[in-house]
Amino acid sequence: MKRLEKQFYEQPTLELAEQLLGKIFVRMLPGNIRLTARIVETEAYLGQDDEACHAWRGKTARNQIMFRAPGTMYVYFTYGCHYLLNIVSEPEESAGAVLVRAMEPLEGLAFMEGQRGTSSLTNLMSGPGKLAQALALDSRCNGKDLFGDEFFLENAPPLPASMIGTSTRVGISKSRELPWRKFMINNPHVSKGKVTRM
DNA sequence: AGCGTGATCTTT
DNA sequence: AAGATCACGCTG
C-alpha cells in the first residue's frame, strides 16, 4: 500500500481520529526488521476548549510538539513508566493531536513479544502504553515526523461507518463528556475497560 | 481495587 | 521548594 502523505494529516483532528482507524503504522528497524500494526483505537485532543489536552493553556516545554506540523509524532512519558504515542494534527502553531490507543499487531511479532514479555497477541498492543512498548517508542521519537524511512503510515481503505464506534475518552478527569474516542467495533485488540462494541 | 514511578505543572 | 496530578498497566 502507498504511504500516507502530508495532505492526509491536514484534516480536522476529530476527522483524523476516525480516518486513522484501519491505517497501518510502520517502523523500520536496523537489520531490515519491519514492525507493522493496524490502528484500531484513537482519541482526539484539541488545544482549545479541551481541558484534558496538554496544550489547553498554551505552549510549554513538553507540549510544544503539539504545535508543530501535522504528521509529527508527539511521544511523551507518564506515570513514571509509560510512553504514549500521538500524531500531531491542526496547522502549525495551533495545538492538536490524536492519541493512538490500540493497534492490531501484524509484522515483527517476535520483536514485539520480546519487548512486551508476553506472546498473547491481544495483550501486545491493546493499550497506549502497551503499543509504545511493543514498538520500542520513547522520547527519542518525540518530534520526528511520519514522512521518513523509519516511521510512516501505509494507506488502507476507510472503514465503513458501521464499523466505527464512539465513546468518551479513557483515563482523564477533565472534559470527560466529550465523545472523542474512536474505535473499531468488535476488534479484539481494542483496549479493555471501556466499550468495545455498540 | 490498589499502587508504583518520575516528569511536569501548579501553588506556596 | 513543595505538593498534586497523570491521555497507564500490573498484581492481587
# chains A, B, ... in the order shown; residues from 1 in each chain; ligands from 1
>>> interface_residues(of="chain A", to="chain B", cutoff="7 Å", atoms="only C-alpha atoms (C1' of nucleotides)", output="VMD selection string")
chain A and resid 79 to 81
>>> select_by_dssp(residues="chain A", states="helix (DSSP H, G or I)", output="VMD selection string")
chain A and resid 6 to 9 13 to 19 63 to 67 109 to 116 121 to 123 128 to 134 139 to 141 161 to 163
>>> interface_residues(of="chain C", to="chain A", cutoff="7 Å", atoms="only C-alpha atoms (C1' of nucleotides)", output="PyMOL selection string")
chain C and resi 6-8
>>> write_last_selection(atoms="N, CA and C atoms (P, O5', C5', C4', C3', O3' and C1' of nucleotides)", output="PDB file, in the first residue's frame")
ATOM      1  P    DC C   6      -5.347  14.776  36.979  1.00  0.00           P
ATOM      2  O5'  DC C   6      -4.385  13.954  36.009  1.00  0.00           O
ATOM      3  C5'  DC C   6      -3.433  14.659  35.206  1.00  0.00           C
ATOM      4  C4'  DC C   6      -2.471  13.628  34.664  1.00  0.00           C
ATOM      5  C3'  DC C   6      -3.131  12.303  34.315  1.00  0.00           C
ATOM      6  O3'  DC C   6      -3.270  12.132  32.916  1.00  0.00           O
ATOM      7  C1'  DC C   6      -1.037  11.999  35.448  1.00  0.00           C
ATOM      8  P    DA C   7      -3.016  12.951  31.666  1.00  0.00           P
ATOM      9  O5'  DA C   7      -3.603  11.834  30.692  1.00  0.00           O
ATOM     10  C5'  DA C   7      -4.613  10.972  31.159  1.00  0.00           C
ATOM     11  C4'  DA C   7      -4.937   9.971  30.070  1.00  0.00           C
ATOM     12  C3'  DA C   7      -3.766   9.079  29.672  1.00  0.00           C
ATOM     13  O3'  DA C   7      -4.258   7.876  29.106  1.00  0.00           O
ATOM     14  C1'  DA C   7      -4.241  10.534  27.880  1.00  0.00           C
ATOM     15  P    DC C   8      -4.470   6.622  30.108  1.00  0.00           P
ATOM     16  O5'  DC C   8      -3.008   6.273  30.658  1.00  0.00           O
ATOM     17  C5'  DC C   8      -1.970   5.869  29.777  1.00  0.00           C
ATOM     18  C4'  DC C   8      -1.291   4.619  30.298  1.00  0.00           C
ATOM     19  C3'  DC C   8      -2.089   3.334  30.121  1.00  0.00           C
ATOM     20  O3'  DC C   8      -1.268   2.408  29.451  1.00  0.00           O
ATOM     21  C1'  DC C   8      -1.346   3.526  32.346  1.00  0.00           C
TER      22       DC C   8
END
>>> select_by_dssp(residues="region 34-187 of chain A", states="strand (DSSP E or B)", output="compact mmCIF listing (two decimals) with all heavy atoms, in the first residue's frame")
# COMPACT_ATOMS: atom_id res chain seq x y z
N ARG A 34 10.98 -5.16 10.07
CA ARG A 34 9.82 -4.33 9.76
C ARG A 34 8.73 -4.61 10.79
O ARG A 34 8.22 -5.73 10.90
CB ARG A 34 9.35 -4.68 8.35
CG ARG A 34 8.23 -3.84 7.81
CD ARG A 34 7.93 -4.27 6.36
NE ARG A 34 6.52 -4.14 6.06
CZ ARG A 34 5.98 -3.08 5.44
NH1 ARG A 34 6.76 -2.11 5.02
NH2 ARG A 34 4.69 -3.02 5.23
N LEU A 35 8.38 -3.58 11.57
CA LEU A 35 7.28 -3.70 12.53
C LEU A 35 6.06 -3.02 11.93
O LEU A 35 6.14 -1.85 11.55
CB LEU A 35 7.64 -3.01 13.85
CG LEU A 35 8.96 -3.39 14.53
CD1 LEU A 35 9.13 -2.60 15.82
CD2 LEU A 35 9.02 -4.89 14.80
N THR A 36 4.94 -3.73 11.86
CA THR A 36 3.73 -3.09 11.36
C THR A 36 2.53 -3.48 12.22
O THR A 36 2.50 -4.56 12.81
CB THR A 36 3.41 -3.48 9.90
OG1 THR A 36 3.05 -4.86 9.84
CG2 THR A 36 4.59 -3.23 8.99
N ALA A 37 1.58 -2.56 12.28
CA ALA A 37 0.38 -2.80 13.08
C ALA A 37 -0.74 -1.90 12.59
O ALA A 37 -0.50 -0.78 12.14
CB ALA A 37 0.67 -2.53 14.56
N ARG A 38 -1.96 -2.40 12.70
CA ARG A 38 -3.14 -1.66 12.26
C ARG A 38 -3.73 -0.87 13.42
O ARG A 38 -3.94 -1.41 14.52
CB ARG A 38 -4.19 -2.65 11.73
CG ARG A 38 -5.53 -2.02 11.38
CD ARG A 38 -6.51 -3.08 10.88
NE ARG A 38 -6.12 -3.59 9.59
CZ ARG A 38 -5.75 -4.84 9.34
NH1 ARG A 38 -5.73 -5.75 10.30
NH2 ARG A 38 -5.39 -5.19 8.14
N ILE A 39 -3.99 0.41 13.19
CA ILE A 39 -4.58 1.26 14.23
C ILE A 39 -6.05 0.91 14.42
O ILE A 39 -6.81 0.89 13.45
CB ILE A 39 -4.43 2.75 13.85
CG1 ILE A 39 -2.93 3.11 13.74
CG2 ILE A 39 -5.13 3.65 14.88
CD1 ILE A 39 -2.67 4.53 13.25
N VAL A 40 -6.45 0.61 15.66
CA VAL A 40 -7.85 0.21 15.91
C VAL A 40 -8.54 1.07 16.97
O VAL A 40 -9.73 0.88 17.23
CB VAL A 40 -7.94 -1.29 16.31
CG1 VAL A 40 -7.40 -2.18 15.20
CG2 VAL A 40 -7.24 -1.55 17.62
N GLU A 41 -7.82 1.99 17.60
CA GLU A 41 -8.44 2.84 18.62
C GLU A 41 -7.68 4.15 18.73
O GLU A 41 -6.46 4.15 18.79
CB GLU A 41 -8.45 2.11 19.97
CG GLU A 41 -9.07 2.91 21.11
CD GLU A 41 -9.03 2.16 22.44
OE1 GLU A 41 -8.68 0.96 22.44
OE2 GLU A 41 -9.33 2.77 23.46
N THR A 42 -8.41 5.27 18.75
CA THR A 42 -7.78 6.59 18.81
C THR A 42 -8.60 7.52 19.72
O THR A 42 -9.76 7.23 20.05
CB THR A 42 -7.73 7.25 17.42
OG1 THR A 42 -9.06 7.40 16.92
CG2 THR A 42 -6.92 6.43 16.44
N GLU A 43 -7.97 8.63 20.11
CA GLU A 43 -8.68 9.70 20.82
C GLU A 43 -8.19 11.04 20.32
O GLU A 43 -6.99 11.23 20.11
CB GLU A 43 -8.44 9.61 22.33
CG GLU A 43 -9.29 8.56 23.02
CD GLU A 43 -9.00 8.43 24.50
OE1 GLU A 43 -8.13 9.16 25.01
OE2 GLU A 43 -9.61 7.57 25.13
N ALA A 44 -9.12 11.98 20.17
CA ALA A 44 -8.77 13.33 19.72
C ALA A 44 -8.50 14.24 20.92
O ALA A 44 -9.22 14.18 21.92
CB ALA A 44 -9.90 13.90 18.87
N TYR A 45 -7.47 15.08 20.81
CA TYR A 45 -7.17 16.11 21.82
C TYR A 45 -6.94 17.43 21.11
O TYR A 45 -6.14 17.51 20.19
CB TYR A 45 -5.94 15.71 22.64
CG TYR A 45 -6.26 14.59 23.61
CD1 TYR A 45 -6.20 13.27 23.21
CD2 TYR A 45 -6.69 14.88 24.90
CE1 TYR A 45 -6.53 12.24 24.08
CE2 TYR A 45 -7.02 13.86 25.78
CZ TYR A 45 -6.95 12.55 25.36
OH TYR A 45 -7.29 11.54 26.23
N LEU A 46 -7.66 18.46 21.55
CA LEU A 46 -7.61 19.76 20.88
C LEU A 46 -7.19 20.85 21.85
O LEU A 46 -7.63 20.85 23.00
CB LEU A 46 -8.98 20.12 20.33
CG LEU A 46 -9.21 19.76 18.86
CD1 LEU A 46 -10.63 20.13 18.46
CD2 LEU A 46 -8.22 20.51 17.99
N THR A 72 3.53 14.98 12.61
CA THR A 72 4.65 14.87 13.55
C THR A 72 4.25 13.92 14.68
O THR A 72 3.08 13.87 15.06
CB THR A 72 4.99 16.25 14.12
OG1 THR A 72 5.28 17.15 13.05
CG2 THR A 72 6.19 16.19 15.06
N MET A 73 5.19 13.18 15.22
CA MET A 73 4.91 12.31 16.37
C MET A 73 5.16 13.05 17.68
O MET A 73 6.23 13.64 17.88
CB MET A 73 5.76 11.04 16.32
CG MET A 73 5.43 10.13 15.14
SD MET A 73 6.15 8.49 15.32
CE MET A 73 7.88 8.85 15.13
N TYR A 74 4.18 13.02 18.55
CA TYR A 74 4.31 13.56 19.91
C TYR A 74 4.31 12.37 20.85
O TYR A 74 3.29 11.72 21.04
CB TYR A 74 3.14 14.51 20.19
CG TYR A 74 3.02 15.00 21.62
CD1 TYR A 74 4.13 15.42 22.34
CD2 TYR A 74 1.77 15.07 22.23
CE1 TYR A 74 4.01 15.87 23.65
CE2 TYR A 74 1.64 15.53 23.54
CZ TYR A 74 2.76 15.93 24.24
OH TYR A 74 2.61 16.39 25.54
N VAL A 75 5.49 12.07 21.40
CA VAL A 75 5.63 10.92 22.29
C VAL A 75 6.03 11.45 23.66
O VAL A 75 7.05 12.11 23.80
CB VAL A 75 6.71 9.95 21.78
CG1 VAL A 75 6.88 8.77 22.75
CG2 VAL A 75 6.36 9.44 20.39
N TYR A 76 5.22 11.20 24.67
CA TYR A 76 5.55 11.71 26.00
C TYR A 76 5.52 10.58 27.02
O TYR A 76 4.95 9.52 26.80
CB TYR A 76 4.62 12.86 26.39
CG TYR A 76 3.21 12.44 26.72
CD1 TYR A 76 2.85 12.13 28.04
CD2 TYR A 76 2.25 12.34 25.73
CE1 TYR A 76 1.57 11.75 28.35
CE2 TYR A 76 0.97 11.95 26.03
CZ TYR A 76 0.63 11.65 27.34
OH TYR A 76 -0.65 11.26 27.65
N PHE A 77 6.16 10.85 28.15
CA PHE A 77 6.38 9.87 29.21
C PHE A 77 5.42 10.18 30.37
O PHE A 77 5.28 11.33 30.77
CB PHE A 77 7.83 10.00 29.68
CG PHE A 77 8.26 9.00 30.71
CD1 PHE A 77 8.36 7.67 30.39
CD2 PHE A 77 8.57 9.42 32.00
CE1 PHE A 77 8.78 6.74 31.34
CE2 PHE A 77 8.98 8.50 32.95
CZ PHE A 77 9.10 7.16 32.61
N THR A 78 4.76 9.17 30.90
CA THR A 78 3.84 9.45 32.00
C THR A 78 3.81 8.31 33.02
O THR A 78 4.25 7.20 32.72
CB THR A 78 2.41 9.72 31.47
OG1 THR A 78 1.58 10.21 32.54
CG2 THR A 78 1.78 8.45 30.91
N HIS A 82 5.45 4.82 31.36
CA HIS A 82 4.86 4.57 30.04
C HIS A 82 5.11 5.72 29.07
O HIS A 82 5.04 6.88 29.44
CB HIS A 82 3.35 4.37 30.16
CG HIS A 82 2.97 3.31 31.13
ND1 HIS A 82 3.30 1.98 30.94
CD2 HIS A 82 2.32 3.35 32.31
CE1 HIS A 82 2.85 1.27 31.95
NE2 HIS A 82 2.26 2.08 32.81
N TYR A 83 5.37 5.36 27.81
CA TYR A 83 5.38 6.33 26.72
C TYR A 83 4.07 6.21 25.96
O TYR A 83 3.54 5.11 25.79
CB TYR A 83 6.55 6.06 25.77
CG TYR A 83 7.88 6.36 26.40
CD1 TYR A 83 8.63 5.35 26.99
CD2 TYR A 83 8.38 7.66 26.42
CE1 TYR A 83 9.85 5.62 27.59
CE2 TYR A 83 9.61 7.94 27.00
CZ TYR A 83 10.33 6.91 27.59
OH TYR A 83 11.54 7.20 28.18
N LEU A 84 3.54 7.36 25.52
CA LEU A 84 2.29 7.37 24.76
C LEU A 84 2.52 8.05 23.42
O LEU A 84 3.17 9.10 23.36
CB LEU A 84 1.19 8.09 25.55
CG LEU A 84 0.37 7.20 26.52
CD1 LEU A 84 1.22 6.59 27.60
CD2 LEU A 84 -0.75 7.99 27.14
N LEU A 85 1.96 7.45 22.37
CA LEU A 85 2.15 7.95 21.00
C LEU A 85 0.96 8.77 20.53
O LEU A 85 -0.19 8.32 20.61
CB LEU A 85 2.33 6.77 20.04
CG LEU A 85 2.26 7.10 18.55
CD1 LEU A 85 3.43 7.98 18.11
CD2 LEU A 85 2.19 5.84 17.70
N ASN A 86 1.25 9.99 20.09
CA ASN A 86 0.23 10.84 19.47
C ASN A 86 0.70 11.23 18.08
O ASN A 86 1.90 11.33 17.82
CB ASN A 86 0.06 12.14 20.25
CG ASN A 86 -0.46 11.92 21.65
OD1 ASN A 86 -1.61 12.19 21.93
ND2 ASN A 86 0.40 11.45 22.55
N ILE A 87 -0.26 11.50 17.20
CA ILE A 87 0.03 12.02 15.88
C ILE A 87 -0.51 13.44 15.82
O ILE A 87 -1.71 13.67 16.01
CB ILE A 87 -0.59 11.14 14.80
CG1 ILE A 87 0.05 9.74 14.86
CG2 ILE A 87 -0.41 11.77 13.42
CD1 ILE A 87 -0.57 8.73 13.93
N VAL A 88 0.39 14.40 15.59
CA VAL A 88 0.02 15.81 15.62
C VAL A 88 -0.91 16.16 14.46
O VAL A 88 -0.73 15.66 13.34
CB VAL A 88 1.28 16.69 15.60
CG1 VAL A 88 0.92 18.17 15.45
CG2 VAL A 88 2.11 16.46 16.85
N GLY A 96 -3.02 20.36 18.46
CA GLY A 96 -3.98 19.28 18.31
C GLY A 96 -3.23 17.99 18.07
O GLY A 96 -2.12 18.01 17.53
N ALA A 97 -3.81 16.87 18.49
CA ALA A 97 -3.15 15.59 18.26
C ALA A 97 -4.16 14.46 18.45
O ALA A 97 -5.19 14.64 19.10
CB ALA A 97 -1.97 15.40 19.22
N VAL A 98 -3.83 13.33 17.86
CA VAL A 98 -4.63 12.12 18.04
C VAL A 98 -3.79 11.11 18.81
O VAL A 98 -2.70 10.75 18.37
CB VAL A 98 -5.06 11.53 16.68
CG1 VAL A 98 -5.79 10.22 16.88
CG2 VAL A 98 -5.92 12.52 15.91
N LEU A 99 -4.29 10.71 19.97
CA LEU A 99 -3.63 9.67 20.75
C LEU A 99 -3.96 8.32 20.13
O LEU A 99 -5.13 8.01 19.89
CB LEU A 99 -4.16 9.71 22.20
CG LEU A 99 -3.74 8.53 23.09
CD1 LEU A 99 -2.24 8.54 23.37
CD2 LEU A 99 -4.54 8.54 24.39
N VAL A 100 -2.93 7.53 19.85
CA VAL A 100 -3.15 6.18 19.33
C VAL A 100 -3.25 5.24 20.53
O VAL A 100 -2.29 5.05 21.27
CB VAL A 100 -2.01 5.75 18.40
CG1 VAL A 100 -2.28 4.36 17.83
CG2 VAL A 100 -1.83 6.75 17.28
N ARG A 101 -4.43 4.68 20.76
CA ARG A 101 -4.69 3.91 21.98
C ARG A 101 -4.55 2.40 21.83
O ARG A 101 -4.36 1.71 22.83
CB ARG A 101 -6.09 4.22 22.51
CG ARG A 101 -6.22 5.56 23.21
CD ARG A 101 -7.51 5.58 24.03
NE ARG A 101 -7.56 4.46 24.93
CZ ARG A 101 -7.05 4.45 26.16
NH1 ARG A 101 -6.44 5.52 26.63
NH2 ARG A 101 -7.15 3.38 26.91
N ALA A 102 -4.67 1.90 20.59
CA ALA A 102 -4.53 0.45 20.42
C ALA A 102 -4.27 0.12 18.97
O ALA A 102 -4.70 0.84 18.07
CB ALA A 102 -5.77 -0.27 20.92
N MET A 103 -3.55 -0.97 18.77
CA MET A 103 -3.24 -1.46 17.43
C MET A 103 -3.36 -2.97 17.40
O MET A 103 -3.30 -3.64 18.42
CB MET A 103 -1.80 -1.09 17.03
CG MET A 103 -1.51 0.38 16.88
SD MET A 103 0.23 0.58 16.42
CE MET A 103 0.34 2.35 16.22
N GLU A 104 -3.50 -3.46 16.17
CA GLU A 104 -3.51 -4.91 15.93
C GLU A 104 -2.17 -5.28 15.32
O GLU A 104 -1.85 -4.85 14.21
CB GLU A 104 -4.66 -5.23 14.96
CG GLU A 104 -4.70 -6.67 14.53
CD GLU A 104 -5.90 -6.94 13.61
OE1 GLU A 104 -6.83 -6.09 13.56
OE2 GLU A 104 -5.89 -7.98 12.95
N PRO A 105 -1.34 -6.05 16.03
CA PRO A 105 0.00 -6.37 15.53
C PRO A 105 -0.06 -7.22 14.27
O PRO A 105 -0.85 -8.16 14.19
CB PRO A 105 0.63 -7.15 16.69
CG PRO A 105 -0.49 -7.65 17.51
CD PRO A 105 -1.63 -6.68 17.32
N LEU A 106 0.82 -6.89 13.30
CA LEU A 106 0.83 -7.63 12.03
C LEU A 106 2.18 -8.28 11.74
O LEU A 106 2.28 -9.49 11.64
CB LEU A 106 0.45 -6.67 10.88
CG LEU A 106 -0.94 -6.03 10.95
CD1 LEU A 106 -1.11 -5.02 9.83
CD2 LEU A 106 -2.03 -7.10 10.89
N GLU A 107 3.23 -7.44 11.59
CA GLU A 107 4.56 -7.98 11.28
C GLU A 107 5.54 -7.62 12.40
O GLU A 107 5.39 -6.60 13.04
CB GLU A 107 5.10 -7.37 9.97
CG GLU A 107 4.26 -7.67 8.75
CD GLU A 107 4.74 -6.84 7.56
OE1 GLU A 107 5.78 -7.21 6.97
OE2 GLU A 107 4.09 -5.83 7.23
N ASP A 145 8.84 13.03 12.30
CA ASP A 145 7.61 13.01 11.51
C ASP A 145 7.42 11.65 10.83
O ASP A 145 8.27 10.77 10.92
CB ASP A 145 7.58 14.16 10.51
CG ASP A 145 8.66 14.04 9.46
OD1 ASP A 145 8.93 12.91 9.00
OD2 ASP A 145 9.26 15.07 9.10
N PHE A 147 7.18 11.01 7.67
CA PHE A 147 7.49 11.09 6.25
C PHE A 147 8.90 10.61 5.95
O PHE A 147 9.43 10.87 4.87
CB PHE A 147 7.30 12.53 5.75
CG PHE A 147 5.98 13.12 6.17
CD1 PHE A 147 5.92 14.18 7.05
CD2 PHE A 147 4.79 12.55 5.71
CE1 PHE A 147 4.70 14.71 7.44
CE2 PHE A 147 3.57 13.06 6.11
CZ PHE A 147 3.52 14.14 6.98
N PHE A 151 9.79 5.86 10.16
CA PHE A 151 8.40 5.87 10.62
C PHE A 151 7.48 6.39 9.53
O PHE A 151 7.73 7.45 8.96
CB PHE A 151 8.24 6.79 11.84
CG PHE A 151 9.04 6.37 13.03
CD1 PHE A 151 10.23 7.03 13.33
CD2 PHE A 151 8.61 5.34 13.86
CE1 PHE A 151 10.97 6.66 14.44
CE2 PHE A 151 9.36 4.96 14.96
CZ PHE A 151 10.54 5.62 15.26
N PHE A 152 6.42 5.66 9.23
CA PHE A 152 5.41 6.16 8.30
C PHE A 152 4.13 5.34 8.44
O PHE A 152 4.10 4.30 9.11
CB PHE A 152 5.92 6.14 6.86
CG PHE A 152 6.48 4.81 6.41
CD1 PHE A 152 5.66 3.89 5.79
CD2 PHE A 152 7.83 4.51 6.60
CE1 PHE A 152 6.18 2.66 5.37
CE2 PHE A 152 8.35 3.28 6.19
CZ PHE A 152 7.52 2.36 5.57
N LEU A 153 3.07 5.85 7.81
CA LEU A 153 1.80 5.13 7.78
C LEU A 153 1.52 4.69 6.35
O LEU A 153 1.79 5.42 5.40
CB LEU A 153 0.65 6.04 8.25
CG LEU A 153 0.15 5.84 9.69
CD1 LEU A 153 1.30 5.97 10.66
CD2 LEU A 153 -0.93 6.84 10.02
N GLU A 154 0.97 3.48 6.22
CA GLU A 154 0.53 3.00 4.92
C GLU A 154 -0.98 3.11 4.81
O GLU A 154 -1.70 2.89 5.79
CB GLU A 154 0.98 1.55 4.71
CG GLU A 154 2.47 1.46 4.44
CD GLU A 154 2.93 0.04 4.19
OE1 GLU A 154 2.16 -0.90 4.45
OE2 GLU A 154 4.08 -0.12 3.75
N ILE A 164 -17.29 1.75 12.98
CA ILE A 164 -16.65 2.73 13.86
C ILE A 164 -17.51 3.02 15.07
O ILE A 164 -18.67 3.43 14.93
CB ILE A 164 -16.36 4.04 13.10
CG1 ILE A 164 -15.46 3.75 11.89
CG2 ILE A 164 -15.72 5.06 14.03
CD1 ILE A 164 -15.15 5.00 11.06
N GLY A 165 -16.95 2.79 16.25
CA GLY A 165 -17.64 3.12 17.50
C GLY A 165 -17.12 4.42 18.07
O GLY A 165 -16.00 4.84 17.77
N THR A 166 -17.94 5.08 18.89
CA THR A 166 -17.58 6.35 19.51
C THR A 166 -17.89 6.27 20.99
O THR A 166 -18.89 5.68 21.39
CB THR A 166 -18.42 7.49 18.88
OG1 THR A 166 -18.09 7.60 17.50
CG2 THR A 166 -18.12 8.82 19.56
N SER A 167 -17.04 6.87 21.82
CA SER A 167 -17.34 6.94 23.26
C SER A 167 -16.58 8.12 23.85
O SER A 167 -15.83 8.79 23.14
CB SER A 167 -16.93 5.65 23.97
OG SER A 167 -15.54 5.65 24.23
N ARG A 181 -13.44 9.57 21.59
CA ARG A 181 -12.74 8.29 21.40
C ARG A 181 -13.38 7.56 20.22
O ARG A 181 -14.60 7.51 20.12
CB ARG A 181 -12.83 7.45 22.66
CG ARG A 181 -12.32 6.01 22.52
CD ARG A 181 -12.28 5.31 23.87
NE ARG A 181 -11.90 3.92 23.77
CZ ARG A 181 -12.77 2.90 23.88
NH1 ARG A 181 -14.05 3.12 24.09
NH2 ARG A 181 -12.34 1.66 23.79
N LYS A 182 -12.52 7.01 19.37
CA LYS A 182 -13.00 6.27 18.19
C LYS A 182 -12.36 4.90 18.19
O LYS A 182 -11.17 4.77 18.49
CB LYS A 182 -12.59 7.01 16.90
CG LYS A 182 -13.12 8.42 16.80
CD LYS A 182 -14.60 8.42 16.49
CE LYS A 182 -15.17 9.83 16.56
NZ LYS A 182 -16.62 9.81 16.33
N PHE A 183 -13.12 3.88 17.85
CA PHE A 183 -12.54 2.54 17.85
C PHE A 183 -13.23 1.65 16.83
O PHE A 183 -14.34 1.93 16.38
CB PHE A 183 -12.64 1.92 19.24
CG PHE A 183 -14.05 1.83 19.77
CD1 PHE A 183 -14.80 0.68 19.59
CD2 PHE A 183 -14.61 2.91 20.43
CE1 PHE A 183 -16.10 0.59 20.07
CE2 PHE A 183 -15.92 2.82 20.91
CZ PHE A 183 -16.66 1.67 20.74
N MET A 184 -12.54 0.58 16.46
CA MET A 184 -13.08 -0.40 15.53
C MET A 184 -13.95 -1.38 16.31
O MET A 184 -13.47 -2.05 17.23
CB MET A 184 -11.92 -1.13 14.84
CG MET A 184 -12.33 -1.89 13.60
SD MET A 184 -10.92 -2.73 12.82
CE MET A 184 -9.96 -1.37 12.25
>>> atom_distance(atom1="C1' of DA4 (chain C)", atom2="CA of Thr60 (chain A)")
18.4 Å
>>> atom_distance(atom1="CA of Leu124 (chain A)", atom2="CA of Met112 (chain A)")
7.1 Å
>>> atom_distance(atom1="CA of Leu29 (chain A)", atom2="CA of Glu150 (chain A)")
7.1 Å
>>> closest_residue(among="A:Phe67, A:Glu5, A:Ala136, A:Lys23", to="Pro157 (chain A)", atoms="only C-alpha atoms")
A:Lys23
